[in-house]
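What follows is a short report on a single structure.
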Amino acid sequence: MAIAPTVPLSSRDDLSLAYTPGVARVCTEIASSPSLYYDYTWTGNTVAVVTDGSAVLGLGNIGPRAAMPVMEGKAVLFKQFGGVDAVPICLDTQDVEGIIAVVKALGPSFGGINLEDISAPRCFEIERRLDEALDIPVFHDDQHGTAIVVLAALRNAVKLLGRRFADLRVVVSGAGAAGVAITDTLIAAGVQGANMIVCDSQGIIHADRPELTGVKAALAAQTNYSGRTGGIKEALIGADVLVGVSGGSIPESALAGMAPGSIIFALANPTPEVPPAIAHKYAAVVATGRSDFPNQINNVLAFPGIFRGALDARATRITGGMKVAAAEAIAEVLADDLRADAIVPSALDPRVAPAVAAAVARAAERDGVARIAVPAETPDVPAEMPVVPAPAAVSPPGAVFSASETVASA
């Protein structure tokens, strides 16, 4: 990654426009009309990727410095697939109030906030309060990005198998950020809460379990109406769908109790809860989080296009309708070419991000959170974003370029 100017700086006149005195004119205009900062600075196309390093990939609480490579990688994906500039920000605090205060203070520098790798249950409160406090989109990708792609994949799997959402019996293994968001999203999409069961490390979540956290108590209230108890084996009896986001291991004996022709999404990375070879013995459709197996449930299918669409509409927030629209757009990319080993597009499919961006921008308008109207057809994001080479020499101290963009090279 690098920061590089998008305008020439080869003469005194160029410099006077890119910095003083030229920038003073822009500052004056923005001071008079604050909304102009979307047009006259990079803010309207720039997202902060924020973490505290408390839940990085499958590595756990490794802290902000060790988390930086993941945030940089995220920024590369934003640019490559969505044309969105992204700045990685790793905070040296895991205090909820401290994180909220810092991100609120940073808000004027960005068009959106992507929260990343913040542990549950703290992530729920942080996202909720920032969403309330800021007038730009706030999106915790570990929750909603995963849930959106799961919904897209399940929609296509159900279509392929001739099922109905309302009839599905679904088990979610894992009650962290992704598990909670997946449960909420599937219920919103038409899966009956009565037919859903969520398991954590202690087994099935049900209303009579002592010492449930507030988040898990809410899960118990909206799922498992029959009050089933026990562990994952008991949960899977008669289940049509298993979504694994736990990082644990599910024994084959538990899978044997699932309904015939079932669906298994084993999404733990790098080791799925169920090895694909075992999953295929019991399921008609299998997905993982890995790129070396078919049907990869990959968040990159969602977040670049979601933020592209939200920024295009200058949305004040990301609504449930925008998330559902993103899932539908992802699913539709393969609508005419569904197979058991192709229920979601490849993460490298150039059709995905433009389709998601257009759907999200339209949904922002429908939901009343768009500041500007978007064209009927939003411009396509190039399949391969142009790469601007980093300058050969480091700019001298104090040199500032107001017209710039984050660029990525690999």
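Letters A, B, ... mark the chains of the structure tokens in the order given; residue numbers begin at 1 per chain; ligand numbers begin at 1, in order shown.
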DSSP helix (DSSP H, G or I) selection over region 132-244 of chain A, as a PyMOL selection string: chain A and resi 132-133+141-161+165-167+177-189+193-195+214-222+232-235
Generate the output file for the selected residues, C-alpha atoms, as a PDB file, in the first residue's frame.
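Output file again-v1.pdb follows:
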ATOM      1  CA  GLU A 132     -26.219   6.267  16.713  1.00  0.00           C
ATOM      2  CA  ALA A 133     -23.541   8.926  17.162  1.00  0.00           C
ATOM      3  CA  ASP A 141     -17.772  -6.707   8.884  1.00  0.00           C
ATOM      4  CA  ASP A 142     -17.201  -9.749  11.111  1.00  0.00           C
ATOM      5  CA  GLN A 143     -20.908  -9.642  11.886  1.00  0.00           C
ATOM      6  CA  HIS A 144     -22.715  -8.374   8.851  1.00  0.00           C
ATOM      7  CA  GLY A 145     -20.309  -9.199   6.037  1.00  0.00           C
ATOM      8  CA  THR A 146     -20.358 -12.854   6.997  1.00  0.00           C
ATOM      9  CA  ALA A 147     -24.124 -12.866   7.500  1.00  0.00           C
ATOM     10  CA  ILE A 148     -24.765 -11.253   4.111  1.00  0.00           C
ATOM     11  CA  VAL A 149     -22.688 -13.808   2.197  1.00  0.00           C
ATOM     12  CA  VAL A 150     -24.220 -16.687   4.187  1.00  0.00           C
ATOM     13  CA  LEU A 151     -27.681 -15.410   3.262  1.00  0.00           C
ATOM     14  CA  ALA A 152     -26.695 -15.177  -0.409  1.00  0.00           C
ATOM     15  CA  ALA A 153     -25.273 -18.698  -0.398  1.00  0.00           C
ATOM     16  CA  LEU A 154     -28.230 -20.180   1.467  1.00  0.00           C
ATOM     17  CA  ARG A 155     -30.687 -18.456  -0.841  1.00  0.00           C
ATOM     18  CA  ASN A 156     -29.048 -20.137  -3.829  1.00  0.00           C
ATOM     19  CA  ALA A 157     -28.672 -23.507  -2.093  1.00  0.00           C
ATOM     20  CA  VAL A 158     -32.366 -23.487  -1.191  1.00  0.00           C
ATOM     21  CA  LYS A 159     -33.280 -22.554  -4.756  1.00  0.00           C
ATOM     22  CA  LEU A 160     -31.084 -25.321  -6.152  1.00  0.00           C
ATOM     23  CA  LEU A 161     -32.639 -27.933  -3.852  1.00  0.00           C
ATOM     24  CA  PHE A 165     -36.854 -20.637   3.753  1.00  0.00           C
ATOM     25  CA  ALA A 166     -39.947 -20.869   5.920  1.00  0.00           C
ATOM     26  CA  ASP A 167     -39.575 -24.659   6.154  1.00  0.00           C
ATOM     27  CA  ALA A 177     -20.301 -11.791  16.380  1.00  0.00           C
ATOM     28  CA  ALA A 178     -20.895 -13.797  13.196  1.00  0.00           C
ATOM     29  CA  GLY A 179     -23.287 -16.297  14.787  1.00  0.00           C
ATOM     30  CA  VAL A 180     -25.513 -13.587  16.236  1.00  0.00           C
ATOM     31  CA  ALA A 181     -25.627 -11.631  12.980  1.00  0.00           C
ATOM     32  CA  ILE A 182     -26.313 -14.748  10.891  1.00  0.00           C
ATOM     33  CA  THR A 183     -29.192 -15.715  13.178  1.00  0.00           C
ATOM     34  CA  ASP A 184     -30.740 -12.239  12.978  1.00  0.00           C
ATOM     35  CA  THR A 185     -30.266 -12.051   9.217  1.00  0.00           C
ATOM     36  CA  LEU A 186     -31.759 -15.460   8.462  1.00  0.00           C
ATOM     37  CA  ILE A 187     -34.805 -14.743  10.622  1.00  0.00           C
ATOM     38  CA  ALA A 188     -35.249 -11.399   8.818  1.00  0.00           C
ATOM     39  CA  ALA A 189     -35.003 -13.267   5.504  1.00  0.00           C
ATOM     40  CA  GLY A 193     -37.096 -18.453  14.699  1.00  0.00           C
ATOM     41  CA  ALA A 194     -38.989 -21.391  16.102  1.00  0.00           C
ATOM     42  CA  ASN A 195     -37.004 -23.646  13.758  1.00  0.00           C
ATOM     43  CA  GLY A 214     -27.701 -10.167  27.378  1.00  0.00           C
ATOM     44  CA  VAL A 215     -26.877 -11.055  23.786  1.00  0.00           C
ATOM     45  CA  LYS A 216     -27.388 -14.795  24.358  1.00  0.00           C
ATOM     46  CA  ALA A 217     -30.591 -14.173  26.303  1.00  0.00           C
ATOM     47  CA  ALA A 218     -31.895 -12.334  23.238  1.00  0.00           C
ATOM     48  CA  LEU A 219     -30.903 -15.305  21.070  1.00  0.00           C
ATOM     49  CA  ALA A 220     -32.776 -17.647  23.423  1.00  0.00           C
ATOM     50  CA  ALA A 221     -35.882 -15.459  23.159  1.00  0.00           C
ATOM     51  CA  GLN A 222     -36.021 -15.501  19.355  1.00  0.00           C
ATOM     52  CA  ILE A 232     -24.533 -29.995  19.067  1.00  0.00           C
ATOM     53  CA  LYS A 233     -25.555 -33.622  18.490  1.00  0.00           C
ATOM     54  CA  GLU A 234     -29.002 -33.009  19.966  1.00  0.00           C
ATOM     55  CA  ALA A 235     -29.280 -29.706  18.095  1.00  0.00           C
TER      56      ALA A 235
END
For Leu242 (chain A): contacts at 12 Å, only C-alpha atoms, fewer than 2 positions along chain excluded, given as a VMD selection string: chain A and resid 150 154 168 to 174 179 182 to 183 196 to 199 232 to 233 235 to 240 244 to 246 250 254 to 255 257 to 259 261 to 267 273 to 274 279 282 to 288
Deliver the residues from the most recent selection as a file, using C-alpha atoms, as a tab-separated table (two decimals), in the first residue's frame.
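Final output, result26.tsv:
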chain	number	residue	atom	x	y	z
A	150	VAL	CA	-24.22	-16.69	4.19
A	154	LEU	CA	-28.23	-20.18	1.47
A	168	LEU	CA	-35.87	-24.81	7.01
A	169	ARG	CA	-34.63	-26.15	10.34
A	170	VAL	CA	-31.35	-24.34	10.93
A	171	VAL	CA	-28.57	-24.83	13.48
A	172	VAL	CA	-25.93	-22.13	13.97
A	173	SER	CA	-22.83	-23.38	15.76
A	174	GLY	CA	-21.21	-20.34	17.35
A	179	GLY	CA	-23.29	-16.30	14.79
A	182	ILE	CA	-26.31	-14.75	10.89
A	183	THR	CA	-29.19	-15.71	13.18
A	196	MET	CA	-33.58	-22.19	14.59
A	197	ILE	CA	-31.17	-23.40	17.25
A	198	VAL	CA	-27.95	-21.64	18.25
A	199	CYS	CA	-25.15	-23.45	20.07
A	232	ILE	CA	-24.53	-30.00	19.07
A	233	LYS	CA	-25.56	-33.62	18.49
A	235	ALA	CA	-29.28	-29.71	18.10
A	236	LEU	CA	-28.65	-31.33	14.71
A	237	ILE	CA	-31.35	-33.99	14.98
A	238	GLY	CA	-33.59	-33.39	11.96
A	239	ALA	CA	-31.75	-30.20	10.92
A	240	ASP	CA	-31.75	-29.13	7.27
A	244	GLY	CA	-20.59	-23.36	11.59
A	245	VAL	CA	-18.89	-20.17	12.79
A	246	SER	CA	-17.45	-21.52	16.01
A	250	ILE	CA	-18.27	-31.15	15.07
A	254	ALA	CA	-23.67	-35.54	15.13
A	255	LEU	CA	-24.01	-34.99	11.37
A	257	GLY	CA	-28.77	-37.05	12.66
A	258	MET	CA	-29.36	-34.34	10.07
A	259	ALA	CA	-32.20	-34.57	7.57
A	261	GLY	CA	-30.12	-33.80	1.48
A	262	SER	CA	-29.01	-31.22	4.01
A	263	ILE	CA	-26.83	-28.12	3.67
A	264	ILE	CA	-23.57	-27.67	5.60
A	265	PHE	CA	-21.65	-24.39	5.76
A	266	ALA	CA	-18.50	-25.11	7.84
A	267	LEU	CA	-16.90	-21.67	7.86
A	273	GLU	CA	-15.71	-27.46	11.86
A	274	VAL	CA	-16.48	-30.34	9.50
A	279	ALA	CA	-19.65	-33.04	5.11
A	282	TYR	CA	-24.37	-36.10	4.70
A	283	ALA	CA	-25.06	-32.90	2.75
A	284	ALA	CA	-26.20	-32.12	-0.78
A	285	VAL	CA	-24.49	-28.70	-0.67
A	286	VAL	CA	-21.29	-27.87	1.23
A	287	ALA	CA	-19.53	-24.53	1.69
A	288	THR	CA	-16.44	-23.46	3.63
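Across the structure, CA of Val352 (chain A) and CA of Gly309 (chain A) are spaced 12.1 Å apart.
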Residue among A:Ala358, A:Leu106, A:Gly58, A:Lys79 lying closest to Thr271 (chain A), counting only C-alpha atoms: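 Nearest candidate to Thr271 (chain A) out of A:Ala358, A:Leu106, A:Gly58, A:Lys79: A:Gly58.
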Residue nearest Gly107 (chain A) - candidates A:Ala315, A:Ile278, A:Ile205, A:Val138, atoms counted: only C-alpha atoms: A:Val138
Of the listed residues A:Ala256, A:Ala335, A:Ile126, A:Cys90, that which approaches Lys104 (chain A) most closely, counting only C-alpha atoms: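 Of the candidates, the smallest distance to Lys104 (chain A) is held by A:Ile126.
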Computed interatomic separation between CA of Asp135 (chain A) and CA of Glu29 (chain A) (Å):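 We find that CA of Asp135 (chain A) and CA of Glu29 (chain A) lie 21.0 Å from each other.
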Backbone-only DSSP, strand (DSSP E) members of region 51-220 of chain A, as a list of chain:residue names: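 Restricting region 51-220 of chain A to strand (DSSP E) produces A:Thr51, A:Asp85, A:Ala86, A:Val87, A:Pro88, A:Ile89, A:Cys90, A:Gly112, A:Ile113, A:Asn114, A:Leu115, A:Val138, A:Phe139, A:His140, A:Val170, A:Val171, A:Val172, A:Ser173, A:Met196, A:Ile197, A:Val198, A:Cys199, A:Asp200, A:Gly203, A:Ile204.
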Among the residues A:Ala4, A:Val26, A:Val70, A:Ala18, the one that comes closest to Asp85 (chain A) [using only C-alpha atoms]: A:Ala4
Selected residue of minimal separation from Ala2 (chain A) among A:Glu127, A:Glu72, A:Asp292, A:Glu97, counting only C-alpha atoms: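 Closest to Ala2 (chain A), using only C-alpha atoms: A:Glu72.
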Close residues, Gln94 (chain A) itself excluded, 10 Å, only C-alpha atoms, min 6 positions apart in chain, as a list in words: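 Skipping anything fewer than 6 positions along the chain leaves Thr51, Asp52, Gly53, Ser54, Gly63, Pro64, Ile118, Ser119 and Arg122 of chain A.
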Exercise: Ala347 (chain A) partners within 7 Å, only C-alpha atoms, chain neighbours under 3 positions left out, as a PyMOL selection string: chain A and resi 298+300-301
